[in-house]
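Notes follow once the structure below has been shown.
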Amino acid sequence: MNIVDPPLGRLQWSSLPFWDMLQHPTKGNIINGLIATGAASLVVIGAIALVVLLTKYKLWRPLWSNWLTSPDHKKIGIMYVVIALVMLARALIEAVLMRGQQAFGLGGGFLSPEHFAQLFSTHGTIMIFFMAMPFLTGVINYVMPMQIGARDVSFPVLNSISLGLTAAGAALVMVSLVIGKFSTGGWFGYPPYTEANFSPGVGPDYWIWALSLAGLGSTLTGINFAVTIYKERAPGMQWMRMPLFTWTALCTAIIMIFAMPPLTVATAQLALDRYLGFHYFTNALGGNMMNFANLFWLFGHPEVYILILPAFGVYSETISTFSGKALFGYRSLVMATMAIALLSFTVWLHHFFTMGQNANINAVFGIASMLIGIPTGVKIYDWMWTMFRGRVRFTVPMVYALGFIVLFVLGGMSGILLANPTIDYQVHNTVFLVAHFHNVAVPGVLFGMLSAYHFWFPKAFGFRLNERWGMISALCWIFGFVGAFFPLYALGIMGLPRRTVAYTEARYVPLEWMAFLGALLILVALLALLWQLWLSIRDRADNRVFVGDPWAGRSLEWANSAPPPEYNFAVIPQIESRDAFTAAKEQGRAYLRPDTYVDIELPKNSAMGPAIAAISFALAFGLVWHIWWLVILCFLAAIASMIIRGFARDTRRIVSAQQVRQEHHRWIDAVDQATAISRADECTSVNVGLARQEADGVVP
Amino acid sequence: MSEQAIKHPGLNLGPAHGKDDEAAGTVMFGFWVFLMSDAILFAMVFATYVTSLHATAGGPGPRDLYDIKSVFIETMLLLASSFTFGMASLALKYKHRKARLIGWMVVTLVLGVAFLGFELHDFSSMFVKGGVPSRSGFLSAFFDLVPLHGLHVTAGGIWLICLVGQIVRYGLDTKTKLGIMRLALFWHFLDIVWIAIFSVVYLAGLT
Amino acid sequence: MRLAALCCGVLLLAACAGDTHLTFLDPQGPIAHQQRWHFYWVLGVMAVLVAGPIFLLLPFFVWRYRYGNKKPRYTPKWEYSTLLEIMSWSGPIVIVIVLAVFVWRDTHKLDPYKPIASDQAPLQVQVIGYDWKWLFIYPDQGIAGVGTLALPVGRPVFLHMTSATVMQSFFIPALGSQIYAMGGMVSQLNLEASKPGKSLGENTMYNGNGFHQQKFTAVAMLPADFKAWVRKVRATGLPLNAQNLKVLAQRSTRADLIAALPGARSMAGNVYFTSASKSLFPAVVKATMDGTPTLPESAFEHRHTATQSGDAADAATGKPR
């Protein structure tokens with residue numbers, strides 16, 4: 001480390017994506033340069049357009065005071081989901097580029113090996129840390145406090161700081177498009193390849209610091225969620241009355257608390273290797289990369305369940321709601337969720353059966369991995385029994401759920417195959433593996449989050465999403481997925497390694513083309529999703545559901561207006577059973593005017609979130625480029641901001657009882673004027689969010 | 001008594017503190033959960049150290065580098081600081097004079113700084129003997145674990161100064177009280193981690 | 001189901017076309033053969049016990065209990081049944097127990113470190129992963145090569161492998177398991193070919209720009225052909241000395257290597273070496289572990305000159321270490 005580096009550290013003109021193309025204008029350089037420059041321009045133009053629009057419509061102040069500094073869990077949740085959708089778009093385009101490259105990859109293709117390697121590294125890193133994680137964190141943030149009848153999470157400002165850290169990490173990955181190059185070491189960045197002697201550039205540093213920021217944010221989020229669920233439940237919300245989504249949120253939070261530290265240690269040690277010449281994972285002088293593999297997967301495997309459990313929670317809610325029926329086997333589902341959370345820490349070694357440990361160890365970890373199939377199987381059966389003797393409505397969230405069950409069973413089966421060390425020896429590191437984890441991650445996590453998006457969007461914004469385009473998008477996702485990934489199973493069995501930019505085996509070509517077409521269909525799905533959002537915003541007046549219960553919901557997040565007031569509930573509900581809102585509706589106490597209202601205390605806005613976001617981004621950027629003055633400055637700023645926050649006192653504000661009364665009455669008035677609808681009409685404009693009640697056993 | 005104990009482990013504020021005592025529930029629980037996560041962090045670093053014990057790559061090993069006398073003094077300093085912080089906590093709980101609370105906290109800080117001074121001296125004498133982190137996997141692991149604890153102590157020291165500042169500025173309001181209680185937990189936690197370092201790194205390394 | 005059908009269809013096609021064997025479903029040796037049966041068994045058990053019930057019941061439930069259907073019973077509050085719960089748990093438990101037995105048995109049976117039972121002593125091969133090519137050393141024959149791994153049919157092959165750079169994964173799908181090769185460490189693999197033919201060999205662990213070109217051909221040949229091959233290599237190979245090894249160790253593809261070694265241009269895409277020392281492999285392991293860039297001279301010395309001359313040595317030194 002040289003403290004007297006030039007003021008901009010390692011930053012040079014050659015860090016820009018079009019430099020190579022201009023210096024060495026060969027055909028390959030020009031194609032790769034154009035693609036990279038195009039992507040970089042999109043980022044820059046997007047940022048400029050955003051600034052111009054915000055200035056033109058004078059939105060800076062509302063953005064600052066209503067969103068960025070807001071400690072409201074609902075707004076933080078929405079911001080998380082926005083990050084997730086933006087990052088999804090980028091990583092999905094990268095995926096299509098990669099499939100396109102491989103379709104043309106017989107003996108060449110159009111991308112350079114290094115460009116391709118950056119694509120698969122950013123694709124994986126983004127999809128896991130900056131798409132799936134923010135998506136599920138956002139959904140939990142939005143829904144969970146309302147499901148337990150709370151006004152907010154336990155530590156609202158910490159929540160905002162977690163968002164800031166995640167946003168900073170995402171921004172770092174985006175900046176790597178414009179300045180410098182990202183890692184080529186894949187999303188798990190195995191050393192020694194990512195050590196300084198084999199990857200001297202800034203790529204692995206971008207990867208290290210982006211993950212560190214995201215990991216820190218997730219640790220804090222995990223703590224926040226767990227404490228919220230332990231401490232903020234409304235009176236009467238006993239453990240066994242919590243909605244299943246809250247249970248999965250709790251288990252995910254606990255896994256975050258325990259699984260994130262190994263990642264922090266692994267990336268920090270790799271950073272020490274790279275920056276200060278330590279020897280944790282080097283080939284030489286006592287380094288041992290097997291330690292990295294263990295640390296990384298000690299995080300990495302539980303991470304899989306951090307991602308999938310909330311999706312299981314979403315499916316439990318949507319399947320129960322759209323089958324018009326209580327969730328079957330609630331206790332089993334809770335136990336299964338906890339079993340999965342526990343088992344997730346016992347299987348990490350199956351990521352490297354091929355590292356040469358003895359057969360006893362491999363067999364034990366193989367069997368442990370298959371044990372996870374037991375609670376997962378139970379969940380699938382319980383969901384099916386939930387539909388049994390129900391009335392299944394084929395809405396968009398339900399279509400995602402059904403697509404999930406079918407595809408996830410196949411993904412689970414290929415997972416069981418991989419859990420056999422004997423078979424893993426044959427398909428490890430091939431695209432069979434790629435097909436497997438996409439087969440659990442896409443129908444599992446992503447479909448789950450999209451199901452949640454369609455399910456809770458009306459609650460968050462007060463109007464329903466366009467059903468027709470939602471359906472088109474869902475079907476494109478499902479069939480696009482089949483097209484894009486089933487061929488990879490076959491290709492993997494035919495010996496095609498993952499991360500291959502090109503190949504010489506002509507027998508791969510037809511399947512590669514199938515996969516490419518599938519990927520294009522997924523791109524159509526994304527476009528349909530955007531188009532749907534635009535149509536829905538345009539037609540929002542026809543689809544308003546202010547009364548707040550568009551799907552005949554069962555849990556407490558439906559027991560207030562859409563969108564809900566910032567304090568969630570005018571009066572904290574008293575819970576007497578599971579499916580608390582269904583019970584309240586049946587007993588006719590869902591929409592009552594209480595006699596008295598009281599003042600509600602809420603946290604004041606805080607600039608800590610955006611401040612930490614800016615500081616941590618600049619700190620990480622300085623570290624990546626060895627701009628030491630910036631690093632020192634930001635480090636001091638981070639400490640100073642925490643000290644200043646420690647000295648802050650006047651951090652709460654009061655919403656007066658009168659205002660609460662006024663808002664609550666406005667809502668109840670709307671309820672009184674609304675017509676309750678049957679479920680047959682729930683996707684039409686007569687649905688204003690009031691569900692018709694029927695006697696037990698009569699289909700509503 | 002038992003009702004108080006249920007609220008959260010450790011030293012409670014007690015009913016005399018009224019609303020502050022109630023507010024402690026969530027905050028202290030949250031901090032316990034954070035410490036749990038931090039403990040995992042240390043556990044991983046311990047694991048790295050233990051698996052790297054033999055990775056000296058021909059460089060100096062524990063026997064060549066560790067100075068048990070100095071480490072023993074450090075241990076005593078840190079244990080003493082935990083005791084003095086305990087006295088500060090009692091002063092807080094039983095509403096002794098502010099000066100007494102601040103006094104115990106300052107003594108704690110002095111002991112903590114002395115600990116850090118000895119530790120830095122240890123590191124520099126290791127450096128002189130060729131025990132630099134870039135020499136071997138073993139030394140890398142050592143300089144991951146022990147300075148990580150040192151950094152925690154440093155952070156605790158800065159926090160302590162800030163809390164004294166808050167006491168002076170705002171008196172013992174809810175936020176300051178909760179801050180002191182959390183720092184107390186943190187400080188004792190670091191003591192426990194140090195006992196593990198003392199046993200696993202120094203005692204085991206020298207036997 | 002769709003998956004299985006797709007796989008089988010495509011793979012049958014694949015197995016017929018082309019002359020390089022790509023997959024363990026087209027096995028060329030006993031290990032891959034058993035792996036194939038293990039694969040079919042697990043797939044079969046799951047297709048019948050996991051996929052079967054779910055794929056039959058799910059469409060039936062969804063259709064019968066659709067919103068528009070007025071006839072069947074509607075029980076909105078029914079949420080528990082002991083019988084169904086027991087079934088939901090016991091089904092997966094039984095399946096996992098059955099599969100666990102398979103796993104335990106075959107993981108031990110097909111352990112890559114386990115020598116393959118045979119009346120012949122195994123052929124020793126040392127594998128060093130470079131960026132982006134594999135070097136195969138036949139220590140008992142005193143030869144080495146890049147690009148082709150020649151194996152005598154019916155005789156077990158015992159491979160020791162390491163990496164001179166980053167982690168790599170050595171893999172010949174049609175013959176058997178893959179194992180990581182790691183710097184400063186030695187891992188092992190046992191393979192055997194049961195019929196003559198060419199199989200795909202590769203590295204599956206990404207290691208940089210030339211990764212996709214790090215392929216080789218595993219050529220199984222009859223024992224007599226193998227002897228002839230060894231003789232040919234001895235006659236035509238370049239000396240594996242410090243200078244040539246330095247060229248080999250560059251970060252380059254096999255094509256670059258051939259371009260850099262003019263003597264190798266007539267070797268049909270391969271590079272063959274003679275006078276490969278037995279001490280080279282351990283020297284590379286040690287040098288990587290110590291971080292020393294150059295190998296000591298002893299790495300190229302021939303302490304046992306006898307190994308230069310004999311096919312007799314093939315049979316003599318066979319015991320795994």
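For the structure tokens, the naming scheme is as follows: chains receive sequential letters (A, B, ...) according to their order of presentation, residues are indexed from 1 within each chain, and ligands are indexed from 1 in presentation order.
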
**Report entry** Sel. of alpha helix (DSSP H) residues, segment 146-284 of chain C, as a PyMOL selection string
**Finding:** chain C and resi 223-236+242-248+254-260+280-284

Requested in this report: Residues of chain B no more than 12 Å from chain C, counting only C-alpha atoms: send them over as a list of chain:residue names.
Outcome: B:Ala55, B:Thr56, B:Ala57, B:Gly58, B:Gly59, B:Arg135, B:Ser136, B:Gly137

Report task. May I have the residues of chain B within 10 Å of chain A, counting only C-alpha atoms, written as JSON, numbers by chain? Result -> {"B": [25, 26, 27, 28, 29, 30, 31, 32, 33, 34, 35, 36, 37, 38, 39, 40, 41, 42, 43, 44, 45, 47, 48, 49, 51, 52, 53, 54, 55, 56, 57, 58, 59, 132, 133, 134, 135, 136, 137, 138, 139, 140, 141, 143, 144, 155, 158, 159, 162, 163, 165, 166, 169, 170, 173, 174, 175, 176, 179]}

Take the selection from the previous step and output its residues with C-alpha atoms, as a compact mmCIF listing (two decimals), in the first residue's frame.
# COMPACT_ATOMS: atom_id res chain seq x y z
CA GLY B 25 -36.34 -4.10 26.87
CA THR B 26 -36.19 -3.79 23.11
CA VAL B 27 -32.90 -1.95 22.88
CA MET B 28 -31.01 -4.32 25.13
CA PHE B 29 -32.47 -7.37 23.41
CA GLY B 30 -31.40 -5.94 20.08
CA PHE B 31 -27.91 -5.43 21.41
CA TRP B 32 -27.72 -8.99 22.67
CA VAL B 33 -28.64 -10.17 19.21
CA PHE B 34 -25.92 -7.97 17.73
CA LEU B 35 -23.38 -9.44 20.16
CA MET B 36 -24.45 -12.89 19.04
CA SER B 37 -23.64 -11.95 15.46
CA ASP B 38 -20.36 -10.43 16.57
CA ALA B 39 -19.55 -13.61 18.44
CA ILE B 40 -19.95 -15.56 15.20
CA LEU B 41 -17.53 -13.15 13.58
CA PHE B 42 -14.97 -13.90 16.27
CA ALA B 43 -15.70 -17.61 16.03
CA MET B 44 -14.86 -17.58 12.33
CA VAL B 45 -11.63 -15.72 12.97
CA ALA B 47 -11.41 -21.01 13.34
CA THR B 48 -9.09 -19.41 10.80
CA TYR B 49 -6.42 -19.09 13.47
CA THR B 51 -6.59 -24.09 11.15
CA SER B 52 -3.54 -21.93 10.35
CA LEU B 53 -1.49 -22.88 13.41
CA HIS B 54 0.93 -25.00 11.45
CA ALA B 55 1.05 -22.74 8.42
CA THR B 56 4.18 -20.95 9.58
CA ALA B 57 5.86 -21.56 6.22
CA GLY B 58 9.26 -21.70 7.89
CA GLY B 59 8.72 -18.37 9.61
CA VAL B 132 4.88 -9.56 10.28
CA PRO B 133 1.49 -10.63 8.91
CA SER B 134 2.74 -11.05 5.35
CA ARG B 135 5.31 -13.61 6.50
CA SER B 136 3.00 -16.62 6.76
CA GLY B 137 -0.54 -17.91 6.94
CA PHE B 138 -0.13 -18.37 10.68
CA LEU B 139 0.90 -14.76 11.24
CA SER B 140 -1.88 -13.54 8.96
CA ALA B 141 -4.37 -15.40 11.11
CA PHE B 143 -3.00 -10.50 13.02
CA ASP B 144 -6.62 -11.06 12.06
CA ALA B 155 -14.30 1.34 19.31
CA ILE B 158 -14.42 5.98 21.60
CA TRP B 159 -17.97 5.06 22.52
CA CYS B 162 -18.92 9.88 23.68
CA LEU B 163 -21.11 8.59 26.49
CA GLY B 165 -19.85 13.59 26.74
CA GLN B 166 -23.55 12.76 26.65
CA ARG B 169 -24.36 17.41 28.01
CA TYR B 170 -27.75 15.82 28.74
CA ASP B 173 -31.61 10.68 30.24
CA THR B 174 -33.03 7.50 28.75
CA LYS B 175 -30.77 7.42 25.75
CA THR B 176 -27.61 7.93 27.78
CA GLY B 179 -26.01 3.68 25.90

Requested in this report: Considering only C-alpha atoms, return as a PyMOL selection string whatever protein or nucleic-acid residues lie within 7 Å of Pro173 of chain C, sequence-local ones (same chain, fewer than 3 positions apart) excluded.
Outcome: (chain A and resi 426+495) or (chain C and resi 22-24+176-177+200)

Query raised in the report: Which residues, written as an NGL selection string, have at least one atom at most 10 Å from segment 612-626 of chain A, with only C-alpha atoms counted and residues fewer than 6 positions away on the same chain left out?
Result: :A and (1-3 or 5-12 or 160-172 or 175-176 or 179-180 or 201-210 or 212-213 or 271 or 275 or 632-638 or 641-642)

Report task. Run DSSP on the backbone and grab whatever in segment 594-647 of chain A lands in strand (DSSP E or B); send it over as a PyMOL selection string. Result -> chain A and resi 600-603

Query raised in the report: chain A residues within 6 Å of chain C, counting only C-alpha atoms: which ones, as an NGL selection string?
Result: :A and (113-114 or 192-193 or 283-285 or 325-326 or 328-329 or 354-355 or 359 or 363 or 367 or 374 or 378 or 381 or 388-393 or 420 or 422 or 425-426 or 429 or 490 or 494-495 or 497 or 500 or 697)

Query raised in the report: Which neighbours of Ala103 of chain A fall inside 6 Å, counting only C-alpha atoms, when residues of the same chain fewer than 2 positions from it are skipped, and could you give them as JSON, numbers by chain?
Result: {"A": [100, 101, 105, 512, 513]}

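Between atom CA of Pro134 of chain A and atom CA of Ala84 of chain A the interatomic distance comes to 5.5 Å.
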
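Pairwise distance (atom CA of Glu682 of chain A, atom CA of Ile522 of chain A) equals 27.7 Å.
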